Amino acid sequence: MATPSDTLDKVGAGLDALDAPVEAQKPPLWRRFVKTGVPPIIAFALLLGVWQALWASALLPEFQLPAPVNVWNELIRSIGTGEAFSVLWTSLHRAVFGFIAAVLIATPLGLLVAKVRVVRAAIGSLLTGLQSLPSVAWVPAAILWFGVTPSTIYFVVLMGSVPSIANGLVAGIDQIPPLLPRVGRALGAGRLASARHILLPAALPGYLAGLKQGWAFSWRSLMAAEIIATSPQLGTGLGQYLHNGSSLNDINMVIAAIFLILLVGIGIELLLFRPLERAVLRARGLTGAL
Amino acid sequence: MTATLETTVLSTVDTAVELAGVRKVFGHGNSAVVALDGVDLKVKPGEFVCLLGASGCGKSTLLNIVAGLDGATSGELQLNTSRPAVMFQEPALMPWLTAARNVELALRFAGVGRLARKRRALELLELVRLGDVADKRPHELSGGMRQRVALARALASTTVTADGAPALLLMDEPFAALDAITRDVLQSELLRVWETTNTAIIFVTHDVREAVRLGQRVVLLSSRPGRVVREWDVTGSSDSVLDEINTHLREVISGHAV
């Protein structure tokens with residue numbers, strides 16, 4: 001005969017079986033490609049078609065609206081001469097160095113603002129305000145302070161990305177459910193252990209969002225700085241390449257430069273931030289946006 | 001404010017927890033609220049005590065004081081146990097860690113080595129019958145399963161000291177947010193775990209039936225300020241005790257009607 005506790009054990013086992021997560025089958029690779037890869041390709045093709053049609057209608061003169069194929073030829077030419085690579089390299093390594101420096105500055109800054117009340121009261125709103133200040137606004141001042149040197153460019157990049165990253169970290173820490181650090185204390189975690197094993201991992205999604213925005217800001221600040229501050233000393237980055245195209249009245253070059261700037265933005269997002277964000281969110285069961 | 005709170009660990013172990021005249025006041029001056037007023041309570045090693053009371057009786061405050069998360073305004077607390085473990089109404093698992101890692105976290109804070117951590121965490125998950133889902137993350141588990149992982153984690157944090165000090169588990173309405181069937185199953189699960197681990201348990205609830213089913217002793221607290229009104233020994237008790245406790249709880253609550 002079954003005792004009451006045996007019956008309850010069976011009920012428990014039944015509940016567990018009912019509640020056990022159902023493993024979702026991963027669709028085959030080609031289907032995932034059709035689902036995620038094809039729509040943007042179609043959108044791009046449509047855009048090209050509209051562009052081609054507009055050019056063919058000859059509503060705008062050639063020096064304002066070039067044929068897609070001419071822009072393509074300009075791209076091929078610059079890749080052939082190696083100009084595209086040197087220009088990309090100049091800009092990318094500046095952006096990456098600037099971004100790394102911004103992360104190193106913004107992370108302790110964000111921690112301070114989030115955890116030290118006086119610091120938050122003192123510079124919290126300034127940090128938020130700086131985010132809405134276009135970093136191009138710093139270019140004239142930076143030129144007066146540093147001259148047309150790499151320092152000017154890095155200064156503008158930092159002013160663009162540091163507030164975003166710091167604010168992201170602050171938001172991430174602010175959104176930690178208060179129960180988690182409490183549990184940590186109940187389990188015997190000291191301040192350091194709590195920061196390392198509870199606060200930082202819990203704040204990671206917000207921090208990552210801040211990093212992503214920080215990268216975008218540092219890239220666009222860099223472009224703005226390069227377009228405005230041009231000198232032989234600075235070498236030719238993407239911004240200068242764009243500026244040169246404009247000076248030469250060469251619309252093909254201008255559009256090609258814009259295309260390259262966009263390409264870097266999309267590339268970094270797809271290759272770096274998207275997979276990182278996915279891994280972090282998926283581990284937490286936050287799959288809504290994926 | 002004089003804090004005469006002392007925590008001493010004695011070698012003679014006939015009481016696991018002893019509270020004497022514990023008083024807790026929140027706020028100052030006119031807005032001060034007395035949450036606990038002269039609470040005396042003794043818990044023997046391995047004893048299962050249920051604290052029963054309506055809302056605002058300071059049950060949770062009392063638990064926090066025993067847990068060391070909060071200090072008493074005055075009175076004495078004596079713990080003859082290892083570090084007390086706490087379980088809350090929500091499982092409060094770390095969402096980025098698997099079930100096993102959540103349990104291991106408690107052991108890591110206690111300075112247990114990596115291999116020993118892994119082994120012990122798996123043992124504890126087996127104890128709450130969740131060995132199969134050790135690698136799942138909280139969002140992949142049901143509410144009842146999560147609360148069982150939380151139980152395993154709490155046990156991990158209280159049973160790490162091997163110096164023979166009895167373990168103590170503090171539970172703050174841990175099953176209140178679960179559906180009736182799951183609660184039923186978890187109550188029997190908890191009783192089984194209690195019998196196998198010989199842990200002293202202080203279990204806070206506002207559910208008389210739950211208190212009588214689980215506890216060996218039920219302690220009724222009054223509300224605002226919290227005082228011990230009465231205690232019942234409820235081992236092998238019948239429905240008449242249930243009715244009696246219910247009557248007293250209702251009296252305590254209706255005393256607050258204006």
# chains A, B, ... in the order shown; residues from 1 in each chain; ligands from 1
call {"tool": "interface_residues", "arguments": {"of": "chain A", "to": "chain B", "cutoff": "10 Å", "atoms": "only C-alpha atoms", "output": "MDAnalysis selection string"}}
result
chainID A and resid 4:13 15:16 18:23 177:190 193:194 197:198 201:202 204 280:286
call {"tool": "write_last_selection", "arguments": {"atoms": "N, CA and C atoms", "output": "short mmCIF file (atom, residue, chain, number, x, y, z; two decimals), in the first residue's frame"}}
result
data_model
loop_
_atom_site.label_atom_id
_atom_site.label_comp_id
_atom_site.auth_asym_id
_atom_site.auth_seq_id
_atom_site.Cartn_x
_atom_site.Cartn_y
_atom_site.Cartn_z
N PRO A 4 1.06 8.05 2.39
CA PRO A 4 0.79 9.40 1.86
C PRO A 4 2.05 10.06 1.31
N SER A 5 3.19 9.79 1.96
CA SER A 5 4.39 10.49 1.50
C SER A 5 4.85 9.92 0.16
N ASP A 6 4.63 8.62 -0.06
CA ASP A 6 4.94 8.03 -1.36
C ASP A 6 4.12 8.68 -2.46
N THR A 7 2.80 8.84 -2.15
CA THR A 7 1.92 9.44 -3.14
C THR A 7 2.39 10.85 -3.47
N LEU A 8 2.77 11.59 -2.43
CA LEU A 8 3.22 12.97 -2.67
C LEU A 8 4.50 12.98 -3.49
N ASP A 9 5.40 12.01 -3.22
CA ASP A 9 6.63 11.93 -4.00
C ASP A 9 6.31 11.75 -5.47
N LYS A 10 5.29 10.90 -5.71
CA LYS A 10 4.91 10.66 -7.11
C LYS A 10 4.35 11.93 -7.73
N VAL A 11 3.52 12.64 -6.94
CA VAL A 11 2.98 13.91 -7.44
C VAL A 11 4.14 14.85 -7.77
N GLY A 12 5.12 14.89 -6.87
CA GLY A 12 6.29 15.75 -7.09
C GLY A 12 7.02 15.38 -8.36
N ALA A 13 7.25 14.06 -8.55
CA ALA A 13 7.94 13.61 -9.75
C ALA A 13 7.14 13.97 -10.99
N LEU A 15 5.02 16.50 -11.28
CA LEU A 15 5.15 17.96 -11.48
C LEU A 15 6.46 18.29 -12.18
N ASP A 16 7.55 17.64 -11.70
CA ASP A 16 8.86 17.90 -12.31
C ASP A 16 8.86 17.53 -13.78
N LEU A 18 6.29 17.43 -15.76
CA LEU A 18 5.47 18.40 -16.50
C LEU A 18 6.21 19.72 -16.68
N ASP A 19 6.97 20.09 -15.64
CA ASP A 19 7.66 21.37 -15.68
C ASP A 19 8.99 21.32 -16.41
N ALA A 20 9.46 20.08 -16.66
CA ALA A 20 10.78 19.97 -17.29
C ALA A 20 10.80 20.73 -18.60
N PRO A 21 11.85 21.53 -18.80
CA PRO A 21 11.90 22.35 -20.00
C PRO A 21 11.96 21.48 -21.27
N VAL A 22 11.21 21.88 -22.26
CA VAL A 22 11.24 21.17 -23.54
C VAL A 22 12.37 21.74 -24.38
N GLU A 23 13.27 20.87 -24.79
CA GLU A 23 14.40 21.31 -25.61
C GLU A 23 13.88 21.71 -26.99
N PRO A 177 18.18 43.67 -8.96
CA PRO A 177 17.18 43.48 -7.91
C PRO A 177 17.87 43.48 -6.55
N PRO A 178 17.37 44.28 -5.58
CA PRO A 178 18.07 44.40 -4.29
C PRO A 178 18.18 43.07 -3.55
N LEU A 179 17.31 42.12 -3.91
CA LEU A 179 17.34 40.83 -3.21
C LEU A 179 18.65 40.08 -3.47
N LEU A 180 19.24 40.27 -4.66
CA LEU A 180 20.44 39.49 -5.00
C LEU A 180 21.63 39.81 -4.09
N PRO A 181 21.99 41.10 -3.92
CA PRO A 181 23.08 41.37 -2.96
C PRO A 181 22.73 40.94 -1.54
N ARG A 182 21.44 41.02 -1.18
CA ARG A 182 21.02 40.57 0.15
C ARG A 182 21.27 39.08 0.33
N VAL A 183 20.92 38.32 -0.71
CA VAL A 183 21.18 36.89 -0.67
C VAL A 183 22.67 36.65 -0.52
N GLY A 184 23.46 37.45 -1.25
CA GLY A 184 24.91 37.33 -1.14
C GLY A 184 25.38 37.52 0.29
N ARG A 185 24.80 38.53 0.95
CA ARG A 185 25.19 38.78 2.35
C ARG A 185 24.78 37.62 3.23
N ALA A 186 23.58 37.09 2.97
CA ALA A 186 23.09 35.96 3.78
C ALA A 186 23.96 34.73 3.57
N LEU A 187 24.55 34.62 2.38
CA LEU A 187 25.41 33.46 2.11
C LEU A 187 26.83 33.70 2.60
N GLY A 188 27.09 34.91 3.11
CA GLY A 188 28.40 35.16 3.70
C GLY A 188 29.39 35.81 2.78
N ALA A 189 28.92 36.53 1.76
CA ALA A 189 29.85 37.20 0.85
C ALA A 189 30.31 38.52 1.44
N GLY A 190 31.62 38.78 1.40
CA GLY A 190 32.14 40.08 1.81
C GLY A 190 31.90 41.09 0.70
N ALA A 193 33.84 40.04 -2.59
CA ALA A 193 33.26 38.83 -3.19
C ALA A 193 31.90 39.16 -3.78
N SER A 194 31.15 40.02 -3.08
CA SER A 194 29.83 40.39 -3.56
C SER A 194 29.94 41.16 -4.88
N HIS A 197 31.20 38.50 -7.62
CA HIS A 197 30.35 37.37 -7.98
C HIS A 197 28.89 37.72 -8.13
N ILE A 198 28.48 38.90 -7.64
CA ILE A 198 27.06 39.24 -7.74
C ILE A 198 26.84 40.55 -8.50
N PRO A 201 28.43 40.58 -12.45
CA PRO A 201 27.66 39.75 -13.39
C PRO A 201 26.22 40.21 -13.54
N ALA A 202 25.62 40.69 -12.44
CA ALA A 202 24.22 41.11 -12.51
C ALA A 202 24.09 42.37 -13.37
N LEU A 204 25.94 43.09 -15.94
CA LEU A 204 26.54 42.87 -17.25
C LEU A 204 25.65 43.28 -18.44
N VAL A 280 25.05 36.65 -23.60
CA VAL A 280 24.73 37.13 -22.25
C VAL A 280 23.23 37.05 -21.99
N LEU A 281 22.43 37.50 -22.96
CA LEU A 281 20.98 37.51 -22.74
C LEU A 281 20.42 36.10 -22.71
N ARG A 282 20.92 35.25 -23.60
CA ARG A 282 20.39 33.88 -23.67
C ARG A 282 20.65 33.15 -22.36
N ALA A 283 21.83 33.36 -21.76
CA ALA A 283 22.15 32.68 -20.50
C ALA A 283 21.16 33.08 -19.41
N ARG A 284 20.58 34.27 -19.53
CA ARG A 284 19.64 34.73 -18.51
C ARG A 284 18.19 34.49 -18.87
N GLY A 285 17.98 33.81 -20.00
CA GLY A 285 16.60 33.53 -20.41
C GLY A 285 15.90 34.74 -20.99
N LEU A 286 16.65 35.79 -21.37
CA LEU A 286 16.04 36.99 -21.95
C LEU A 286 16.09 36.88 -23.46
#
call {"tool": "select_by_dssp", "arguments": {"residues": "stretch 4-180 of chain B", "states": "helix (DSSP H, G or I)", "output": "ChimeraX atom specification"}}
result
/B:29-31,59-67,99-109,114-127,131-133,138-140,143-158,180
call {"tool": "residues_around", "arguments": {"residues": "A:Ile261", "least_positions_apart": "3", "cutoff": "9 Å", "atoms": "only C-alpha atoms", "output": "PyMOL selection string"}}
result
chain A and resi 88+219-220+223+238-239+256-258+264-266
call {"tool": "atom_distance", "arguments": {"atom1": "atom CA of B:Thr199", "atom2": "atom CA of B:Gly226"}}
result
25.8 Å
